[in-house]
Structure formats: structure tokens, C-alpha cells
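Source file: start-v4.txt; contents: compact mmCIF, C-alpha atoms.
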```txt
# COMPACT_ATOMS: atom_id res chain seq x y z
CA MET T 46 -107.98 255.39 111.95
CA ASP T 47 -105.71 256.59 109.20
CA THR T 48 -102.70 258.72 110.20
CA GLN T 49 -101.43 261.33 107.72
CA ASN T 50 -97.69 261.30 106.97
CA THR T 51 -96.61 264.84 107.76
CA SER T 52 -93.27 264.41 105.99
CA ALA T 53 -94.87 263.91 102.56
CA HIS T 54 -96.18 266.77 100.46
CA PRO T 55 -99.94 266.68 99.97
CA HIS T 56 -99.63 267.13 96.19
CA ALA T 57 -96.36 265.40 95.25
CA GLN T 58 -95.82 265.09 91.50
CA SER T 59 -93.73 262.57 89.61
CA ARG T 60 -90.25 263.81 88.61
CA ASN T 61 -90.51 262.04 85.30
CA GLY T 62 -93.85 263.45 84.29
CA GLY T 63 -94.94 261.89 81.06
CA LYS T 64 -91.54 261.35 79.55
CA ASN T 65 -91.01 257.95 81.16
CA HIS T 66 -94.63 256.92 80.72
CA PRO T 67 -95.56 257.32 77.08
CA GLY T 68 -99.04 255.97 77.66
CA ARG T 69 -100.00 259.10 79.57
CA ARG T 70 -99.01 261.98 77.29
CA THR T 71 -97.32 260.74 74.12
CA ARG T 72 -100.38 259.53 72.29
CA GLY T 73 -101.60 262.92 71.23
CA HIS T 74 -98.01 264.20 70.87
CA ALA T 75 -97.21 261.37 68.43
CA ASN T 76 -100.23 262.26 66.33
CA SER T 77 -99.11 265.89 66.09
CA HIS T 78 -95.54 264.94 64.98
CA PRO T 79 -95.85 261.76 62.93
CA SER T 80 -92.37 262.12 61.29
CA GLY T 81 -90.31 262.81 64.46
CA VAL T 82 -88.83 260.46 67.00
CA ILE T 83 -91.11 258.97 69.62
CA HIS T 84 -89.49 258.07 72.96
CA ASP T 85 -90.56 254.89 74.65
CA ASN T 86 -88.52 255.35 77.82
CA THR T 87 -88.33 253.24 80.94
CA ARG T 88 -86.75 254.54 84.09
CA HIS T 89 -83.45 252.82 84.94
CA THR T 90 -82.81 251.87 88.51
CA THR T 91 -79.59 249.79 88.07
CA ARG T 92 -76.71 249.56 85.59
CA PHE T 93 -77.10 252.97 83.97
CA THR T 94 -74.82 255.92 83.17
CA VAL T 95 -75.83 259.58 83.08
CA ILE T 96 -74.69 261.19 79.83
CA GLY T 97 -74.97 264.93 79.24
CA ASN T 98 -76.62 266.28 76.12
CA HIS T 99 -73.49 268.35 75.50
CA LEU T 100 -71.84 265.02 74.62
CA ALA T 101 -74.74 263.13 73.09
CA GLN T 102 -75.64 266.11 70.83
CA HIS T 103 -72.15 267.56 70.35
CA PRO T 104 -72.11 269.51 67.07
CA GLU T 105 -68.44 268.77 66.21
CA LEU T 106 -67.73 265.25 67.44
CA SER T 107 -68.16 262.30 65.11
CA GLY T 108 -70.59 259.52 65.90
CA LEU T 109 -67.72 257.16 66.65
CA ALA T 110 -66.19 259.64 69.08
CA ILE T 111 -69.52 260.12 70.89
CA GLY T 112 -70.04 256.36 71.09
CA LEU T 113 -66.53 255.79 72.47
CA ALA T 114 -67.05 258.54 75.04
CA VAL T 115 -70.29 256.93 76.22
CA HIS T 116 -68.63 253.51 76.35
CA ILE T 117 -65.63 254.81 78.32
CA GLN T 118 -67.83 256.70 80.80
CA SER T 119 -69.81 253.51 81.46
CA LEU T 120 -66.70 251.48 82.35
CA PRO T 121 -65.54 251.01 85.95
CA THR T 122 -62.40 252.72 87.22
CA GLY T 123 -59.27 250.91 86.14
CA ALA T 124 -60.74 249.32 83.01
CA PRO T 125 -58.33 249.38 80.03
CA VAL T 126 -59.27 251.87 77.33
CA ASP T 127 -56.20 251.71 75.10
CA ILE T 128 -56.47 251.53 71.32
CA LYS T 129 -55.77 247.79 71.24
CA THR T 130 -58.53 247.02 73.74
CA LEU T 131 -61.08 249.27 72.02
CA THR T 132 -60.21 247.83 68.61
CA ALA T 133 -60.90 244.32 69.93
CA ARG T 134 -64.24 245.51 71.36
CA PHE T 135 -65.59 247.45 68.31
CA PRO T 136 -65.55 246.67 64.58
CA GLU T 137 -63.70 249.88 63.69
CA GLY T 138 -59.99 249.61 63.01
CA PRO T 139 -57.18 251.10 65.12
CA THR T 140 -56.81 254.11 62.83
CA ARG T 141 -60.42 255.24 63.29
CA ILE T 142 -60.33 254.42 67.01
CA ALA T 143 -57.19 256.54 67.47
CA ALA T 144 -58.71 259.43 65.51
CA ALA T 145 -61.88 259.33 67.64
CA LEU T 146 -59.82 259.36 70.86
CA ARG T 147 -57.95 262.40 69.59
CA GLU T 148 -61.29 264.12 68.98
CA LEU T 149 -62.35 263.47 72.58
CA GLU T 150 -58.98 264.68 73.82
CA THR T 151 -59.27 267.87 71.77
CA HIS T 152 -62.72 268.68 73.16
CA GLY T 153 -61.78 267.88 76.76
CA TYR T 154 -63.58 264.57 77.26
CA LEU T 155 -60.27 262.70 77.67
CA ARG T 156 -56.93 263.55 79.25
CA ARG T 157 -54.00 261.27 78.49
CA THR T 158 -50.62 261.62 80.18
CA ARG T 159 -47.50 259.45 80.13
CA GLU T 160 -46.07 258.58 83.54
CA ARG T 161 -43.15 256.48 84.77
CA THR T 162 -43.87 253.79 87.35
CA GLU T 163 -41.62 252.84 90.26
CA THR T 164 -40.13 250.04 88.17
CA GLY T 165 -39.20 252.49 85.41
CA ARG T 166 -41.93 251.45 82.97
CA ILE T 167 -43.71 254.16 80.95
CA VAL T 168 -47.53 253.90 81.11
CA THR T 169 -50.34 256.05 79.73
CA ARG T 170 -52.87 257.32 82.26
CA THR T 171 -56.31 258.12 80.81
CA VAL T 172 -58.82 260.32 82.63
CA SER T 173 -62.44 260.44 81.37
CA CYS T 174 -64.33 263.72 81.92
CA ASN T 175 -68.12 263.60 81.76
CA GLN T 176 -68.24 267.39 81.65
CA PRO T 177 -65.20 269.16 80.18
CA GLY T 178 -63.89 272.08 82.19
CA HIS T 179 -64.96 270.70 85.61
CA ARG T 180 -62.14 268.62 87.12
CA HIS T 181 -62.90 266.40 90.07
CA ASP T 182 -59.24 265.73 90.87
CA ARG T 183 -58.41 269.22 92.04
CA ASP T 184 -55.45 269.79 94.27
CA ALA T 185 -56.09 269.88 98.00
CA SER T 186 -54.86 273.46 98.06
CA GLU T 187 -57.86 274.57 96.03
CA ALA T 188 -60.22 273.32 98.71
CA LEU T 189 -58.50 275.29 101.51
CA PRO T 190 -59.75 278.77 102.39
CA PRO T 191 -57.73 281.51 100.76
CA GLY T 192 -54.89 282.76 102.94
CA PRO T 193 -53.08 286.06 102.92
CA PRO T 194 -51.77 287.05 99.50
CA ALA T 195 -48.25 285.85 98.91
CA ARG T 196 -45.53 288.40 98.56
CA ARG T 197 -44.51 288.99 95.01
CA ALA T 198 -41.12 287.51 94.37
CA ALA T 199 -38.47 289.75 92.99
CA THR T 200 -38.08 289.48 89.27
CA ALA T 201 -35.04 287.39 88.56
CA PRO T 202 -32.60 288.85 86.09
CA GLN T 203 -32.86 287.42 82.65
CA GLN T 204 -30.33 284.67 82.25
CA LYS T 205 -27.91 284.87 79.39
CA PRO T 206 -28.04 282.05 76.86
CA ALA T 207 -25.63 279.26 77.58
CA ARG T 208 -22.31 279.65 75.81
CA ARG T 209 -21.22 276.99 73.37
CA ALA T 210 -18.59 274.61 74.62
CA ALA T 211 -15.08 275.36 73.44
CA LEU T 212 -13.71 273.32 70.57
CA PRO T 213 -11.27 270.53 71.43
CA ALA T 214 -7.58 271.34 71.18
CA VAL T 215 -5.76 270.48 67.96
CA PRO T 216 -2.11 269.55 67.35
CA LYS T 217 0.43 272.31 66.81
CA PRO T 218 3.11 272.29 64.11
CA ALA T 219 6.76 272.15 65.19
CA TYR T 220 7.74 275.04 62.91
CA SER T 221 4.85 277.28 61.98
CA SER T 222 5.10 279.71 59.12
CA PRO T 223 2.61 282.03 57.40
CA ALA T 224 2.84 279.99 54.21
CA LEU T 225 2.10 276.74 56.06
CA LEU T 226 -0.89 278.24 57.91
CA GLN T 227 -2.21 279.71 54.66
CA ALA T 228 -2.06 276.29 53.00
CA ALA T 229 -3.88 274.77 55.99
CA THR T 230 -6.62 277.42 55.83
CA GLU T 231 -7.12 276.73 52.13
CA VAL T 232 -7.59 273.01 52.92
CA LEU T 233 -10.28 273.84 55.51
CA ALA T 234 -12.06 276.28 53.20
CA GLY T 235 -12.26 273.63 50.47
CA LEU T 236 -13.90 270.98 52.65
CA ARG T 237 -17.39 272.35 51.91
CA ARG T 238 -16.92 271.49 48.24
CA THR T 239 -16.63 267.82 49.20
CA ASP T 240 -19.40 267.90 51.84
CA PRO T 241 -21.64 271.00 52.28
CA ARG T 242 -22.07 270.13 55.96
CA LEU T 243 -18.41 271.06 56.55
CA LEU T 244 -18.99 274.78 56.03
CA LEU T 245 -16.82 276.42 58.71
CA SER T 246 -16.84 279.89 60.16
CA ALA T 247 -13.73 282.07 60.14
CA THR T 248 -13.30 281.50 63.88
CA ASP T 249 -13.48 277.72 63.53
CA ALA T 250 -11.05 277.72 60.60
CA GLU T 251 -8.58 279.83 62.61
CA HIS T 252 -8.79 277.31 65.47
CA LEU T 253 -8.32 274.28 63.20
CA ALA T 254 -5.59 275.67 60.93
CA PRO T 255 -2.64 274.76 63.24
CA GLY T 256 -3.92 271.17 63.38
CA VAL T 257 -3.95 270.91 59.58
CA ALA T 258 -0.49 272.53 59.46
CA ALA T 259 0.78 269.81 61.80
CA TRP T 260 -0.40 267.25 59.25
CA LEU T 261 1.15 269.06 56.30
CA GLU T 262 4.58 269.22 57.93
CA ARG T 263 4.48 265.42 58.22
CA ASP T 264 4.97 265.12 54.45
CA LEU T 265 1.21 264.76 53.71
CA THR T 266 -0.29 266.46 50.69
CA PRO T 267 -3.37 268.72 51.00
CA THR T 268 -5.35 266.11 49.04
CA ALA T 269 -4.48 263.39 51.57
CA VAL T 270 -5.47 265.61 54.49
CA ARG T 271 -8.76 266.55 52.80
CA HIS T 272 -9.58 262.88 52.14
CA THR T 273 -8.94 261.93 55.79
CA LEU T 274 -11.18 264.72 57.12
CA THR T 275 -14.12 264.07 54.76
CA SER T 276 -14.25 260.28 54.41
CA GLY T 277 -16.53 258.11 56.54
CA LEU T 278 -18.69 260.93 57.92
CA PRO T 279 -22.00 259.95 59.62
CA PRO T 280 -25.13 260.26 57.42
CA GLU T 281 -27.11 262.35 59.92
CA PRO T 282 -26.77 266.16 60.12
CA LEU T 283 -23.57 267.35 61.77
CA ARG T 284 -24.34 269.39 64.88
CA ARG T 285 -20.82 270.82 65.27
CA PRO T 286 -18.64 269.99 62.25
CA ALA T 287 -15.68 271.93 63.69
CA ALA T 288 -15.64 269.71 66.80
CA LEU T 289 -15.70 266.59 64.62
CA LEU T 290 -12.77 267.86 62.54
CA ALA T 291 -10.82 268.78 65.67
CA HIS T 292 -11.30 265.25 66.99
CA ARG T 293 -10.10 263.70 63.73
CA LEU T 294 -7.06 265.98 63.52
CA THR T 295 -6.03 264.87 67.02
CA ALA T 296 -7.04 261.19 67.03
CA GLN T 297 -5.69 260.34 63.54
CA LEU T 298 -2.51 262.45 63.59
CA PRO T 299 0.16 260.50 61.66
CA PRO T 300 3.65 260.05 63.13
CA LEU T 301 6.59 262.21 62.15
CA PRO T 302 8.57 260.93 59.19
CA PRO T 303 11.87 259.19 60.07
CA PHE T 304 14.91 261.43 60.28
CA ARG T 305 17.20 261.26 57.28
CA ALA T 306 20.57 262.91 57.31
CA PRO T 307 21.33 265.02 54.23
CA GLU T 308 23.42 263.17 51.67
CA GLN T 309 27.02 264.48 51.36
CA THR T 310 28.96 264.66 48.12
CA PRO T 311 31.59 261.91 48.14
CA LEU T 312 35.16 263.21 48.46
CA VAL T 313 37.20 262.71 45.28
CA ARG T 314 40.83 261.92 45.95
CA HIS T 315 43.03 262.83 42.96
CA PRO T 316 46.31 261.04 42.32
CA LEU T 317 49.64 262.63 43.22
CA ARG T 318 51.24 264.44 40.29
CA ASN T 319 54.24 266.71 39.53
CA CYS T 320 53.53 270.16 38.13
CA ASP T 321 54.94 270.69 34.62
CA THR T 322 55.82 274.32 35.45
CA CYS T 323 57.31 274.22 38.96
CA ASP T 324 57.88 270.46 39.30
CA ARG T 325 56.11 270.49 42.67
CA GLY T 326 53.96 267.56 43.74
CA TYR T 327 50.22 268.22 43.98
CA ARG T 328 46.77 266.59 43.96
CA GLY T 329 44.16 268.25 41.78
CA PRO T 330 41.88 267.88 38.80
CA ASP T 331 44.34 269.50 36.40
CA PRO T 332 46.84 266.82 35.26
CA ARG T 333 49.51 269.37 34.19
CA ASN T 334 49.70 272.30 36.63
CA CYS T 335 49.15 272.86 40.32
CA ARG T 336 46.73 275.45 41.62
CA ASP T 337 49.36 278.16 42.11
CA CYS T 338 50.67 277.81 38.60
CA ARG T 339 47.17 277.81 37.16
CA GLU T 340 46.41 281.11 38.91
CA LEU T 341 49.69 282.64 37.58
CA ARG T 342 48.88 281.52 34.06
CA GLN T 343 45.41 283.18 34.11
CA PRO T 344 45.49 286.43 32.12
CA THR T 345 45.23 289.67 34.11
CA PRO T 346 42.21 291.78 33.08
CA THR T 347 43.23 295.12 31.50
CA ALA T 348 41.51 298.40 32.09
CA ALA T 349 39.46 299.71 29.26
```
So, in terms of C-alpha cells, how does the structure I just supplied come out?
Amino acid sequence: MDTQNTSAHPHAQSRNGGKNHPGRRTRGHANSHPSGVIHDNTRHTTRFTVIGNHLAQHPELSGLAIGLAVHIQSLPTGAPVDIKTLTARFPEGPTRIAAALRELETHGYLRRTRERTETGRIVTRTVSCNQPGHRHDRDASEALPPGPPARRAATAPQQKPARRAALPAVPKPAYSSPALLQAATEVLAGLRRTDPRLLLSATDAEHLAPGVAAWLERDLTPTAVRHTLTSGLPPEPLRRPAALLAHRLTAQLPPLPPFRAPEQTPLVRHPLRNCDTCDRGYRGPDPRNCRDCRELRQPTPTAA
């Protein structure tokens, strides 16, 4: 005696209908659409991947991008999907492979992040999304029931922008004078004619002027100081030219010139003579009269 299975529906229908069995319903359908595609599908039971039509029929992705997305979604977790591996797998070159990966990343089918391992190596982690916008790696906090609303933190005061570091100190002249500082300022103002990157503000020039004055008082000409400050500069853009000049003024400061005593006029010793007027002995440039007699012989000016 047959026993009816009460767990089965009396009129169960196939989930596939006629789509997976073309012999049932596609014959007449093929005759009505002779120019369209005809599906000869077989139901997969092993080694298959479910691909959404939003990817397979994406209106903006290229065919290469869609094919790479399907290939990546079919791979097991941990399989390499870098550009070098994909280039070795497909006939397209690395340029087209990289462009297709960027397409998938733009439309949310790939997420690539760079992370540092425990050994310090930088690796790229790639996450494949079969449906953009629905992450499966949500934080555990999202799965917890919502708790009481958190208290709103007090608005922190807006922080002021960080101040620029002060310029390094520069040498000071031993005897400063307005004329010396003016000459030093003119040297600094002319540096931009040699190198436009050495355009200084008035504040920077005021800070550097004593350092240039210390060079000028060491018997260096303005041309020599200008050549020292502008020669051998790095080719890249100068972030803080005033700091570079301050370093050079301090690190390359020449020594003071050696001290030289002023030359004295040699003392002329005249021979001993007798004055022709008073017969007194004297030493002087006049071979005939002593100083007293010369003064007596000078005519006295008369009033007009």
C-alpha cells in the first residue's frame, strides 16, 4: 500500500521552469524570435559562481572589466589577483588590465587598500564585492542592538595653524653701523636677481642682515658674499630659502683678518748745526736758522 509523503506539496513545480530545459518551451519561442539569442542552459550542481545581472549587463563597464570581475569572483579566497598574475593569465597587457581594475574599483566591485605587515612589508589587500554597496565585513558593532544615544561631545575650539619655526641665528658684526647694515640689506635684496628662488620677505632680510654685515666687516666684498650664498644651491624648490641662507652665513663664516698695526712714519733725525743768526746749536730741516730765529724772521701781518 502506497503511503503519501505529507511533507511534499501535491503540485510541486520545477524552479527552473523551461529555462533550463529548452526542449520543453524554447522550440516555439525560437521560431518567434529567429534573430535573437537562444539559451541552451544546463543546471550546474558543482563548480559554479552566481553572477548578478547588474555586473553581467553593466551599462558602463567594459567587456574586459566585466570578464575580470567574473574571473575574480570565481577564485577562492587568498588567490592572487595582482596585475602581474592577471597579465600572465589573460592575453591583454598590463596597461589594459590595470585600467579594467580601476573601472571595477570605481564602480564598487573591488576595494584595494595598502597595509603594512608585522615584518614591515607593504602589501595590497584586494576585496571583491559581488554586489556593490552591501559589505559582508561589517564591524561587530553594527550587529549589536542599538544602545542609548551617546552624549554629544563639546565642540572643541578651532585650533590655530601651527606657527612656522623660527629662523636659525646668524652671526653678529663686532661693530655695527647703519651704513654696514644698509650694504648687507642691499646684498640680500639682490640675491633674487641671481636665483629667483631667493626672494626674501622684509622680515627675513631684517633677520639675515647682521649675518651679512659680519661677513662684510671681514674684508669681503659684496660680490664675494653674494657668490657664496648663491652657488651650489640644490636643484629642487627651496622650501625656506631664508633658513638655508642663515645656515650658510653661520656654517661658512670666514675668520677675522689678522691684526695689523698701523704703519708709523719713520723718525727723521737731522744733523746738529749752528744757527747763522744766534750761533746756537740745533737740529732741524733748515740748514741755516733754528726754529726761534725762523719765527722772528717771519714778517708780521699788518692791518689793512
Expressed in Å to a single decimal, how great is the separation between CA of Pro303 (chain T) and CA of Thr273 (chain T)?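 CA of Thr273 (chain T) lies at a distance of 21.4 Å from CA of Pro303 (chain T).
Atom pair CA of Leu245 (chain T) / CA of Ala211 (chain T) has a distance of 14.9 Å (rounded to one decimal).
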ask   = Could you pull the residues within 9 Å of Val232 (chain T), counting all atoms listed in the file, minus those fewer than 6 positions along the same chain, as a PyMOL selection string?
value = chain T and resi 254+257+267-268+270-271
In Å and to one decimal, CA of Arg328 (chain T) is distant from CA of His315 (chain T) by 5.4 Å
Contact residues around Glu150 (chain T) with only C-alpha atoms at 12 Å, ignoring same-chain residues under 5 positions, as a PyMOL selection string
chain T and resi 106+110-111+113-114+143-145+155-158+171-174+177
Excluding Gly326 (chain T) and residues on its chain fewer than 6 positions from it, collect all residues at most 12 Å away from it, counting all atoms listed in the file, and give them as number ranges by chain. T: 315-320, 332-338
Problem - Point (-6.5, 274.4, 70.3) neighbourhood (10 Å, all atoms listed in the file) written as number ranges by chain - result: T: 211-217, 251-256, 291
Counting only C-alpha atoms, select every polymer residue within 8 Å of (8.0, 269.9, 63.1) as defined in the file's coordinates, and provide the selection as a PDB file with C-alpha atoms, in the frame of the given file.
```
ATOM      1  CA  PRO T 218       3.110 272.290  64.110  1.00  0.00           C
ATOM      2  CA  ALA T 219       6.760 272.150  65.190  1.00  0.00           C
ATOM      3  CA  TYR T 220       7.740 275.040  62.910  1.00  0.00           C
ATOM      4  CA  ALA T 259       0.780 269.810  61.800  1.00  0.00           C
ATOM      5  CA  GLU T 262       4.580 269.220  57.930  1.00  0.00           C
ATOM      6  CA  ARG T 263       4.480 265.420  58.220  1.00  0.00           C
ATOM      7  CA  LEU T 301       6.590 262.210  62.150  1.00  0.00           C
TER       8      LEU T 301
END
```
One residue among T:Trp260, T:Thr132, T:Ser80, T:Leu149 is nearest to Ala229 (chain T) when using only C-alpha atoms, and that residue is T:Trp260
Take every atom of region 143-161 of chain T listed in the file, pad by 6 Å on each side, and give me the axis-aligned box centre and edge lengths in Å, one decimal, as lines of an AutoDock Vina configuration file.
```
center_x = -53.4
center_y = 262.6
center_z = 75.1
size_x = 32.4
size_y = 24.2
size_z = 31.3
```
message: Env of region 119-124 of chain T: 9 Å cut, atoms = only C-alpha atoms, seq-sep filter 4 positions within chain, self excluded. Answer as a PyMOL selection string.
response: chain T and resi 92-95+114-115
Query raised in the report: In terms of the shortest atom-to-atom distance over all atoms listed in the file, which of T:Leu265, T:Val313, T:Leu226, T:Leu278 is closest to Gly329 (chain T)?
Result: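 Between T:Leu265, T:Val313, T:Leu226, T:Leu278, the residue approaching Gly329 (chain T) most closely is T:Val313.
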Open item on the list: Using all atoms listed in the file, can you tell me which of T:Arg170, T:His292, T:His103, T:Arg134 comes closest to His116 (chain T)?
Closed with: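 Checking each candidate against His116 (chain T), we get T:Arg134 as the closest.
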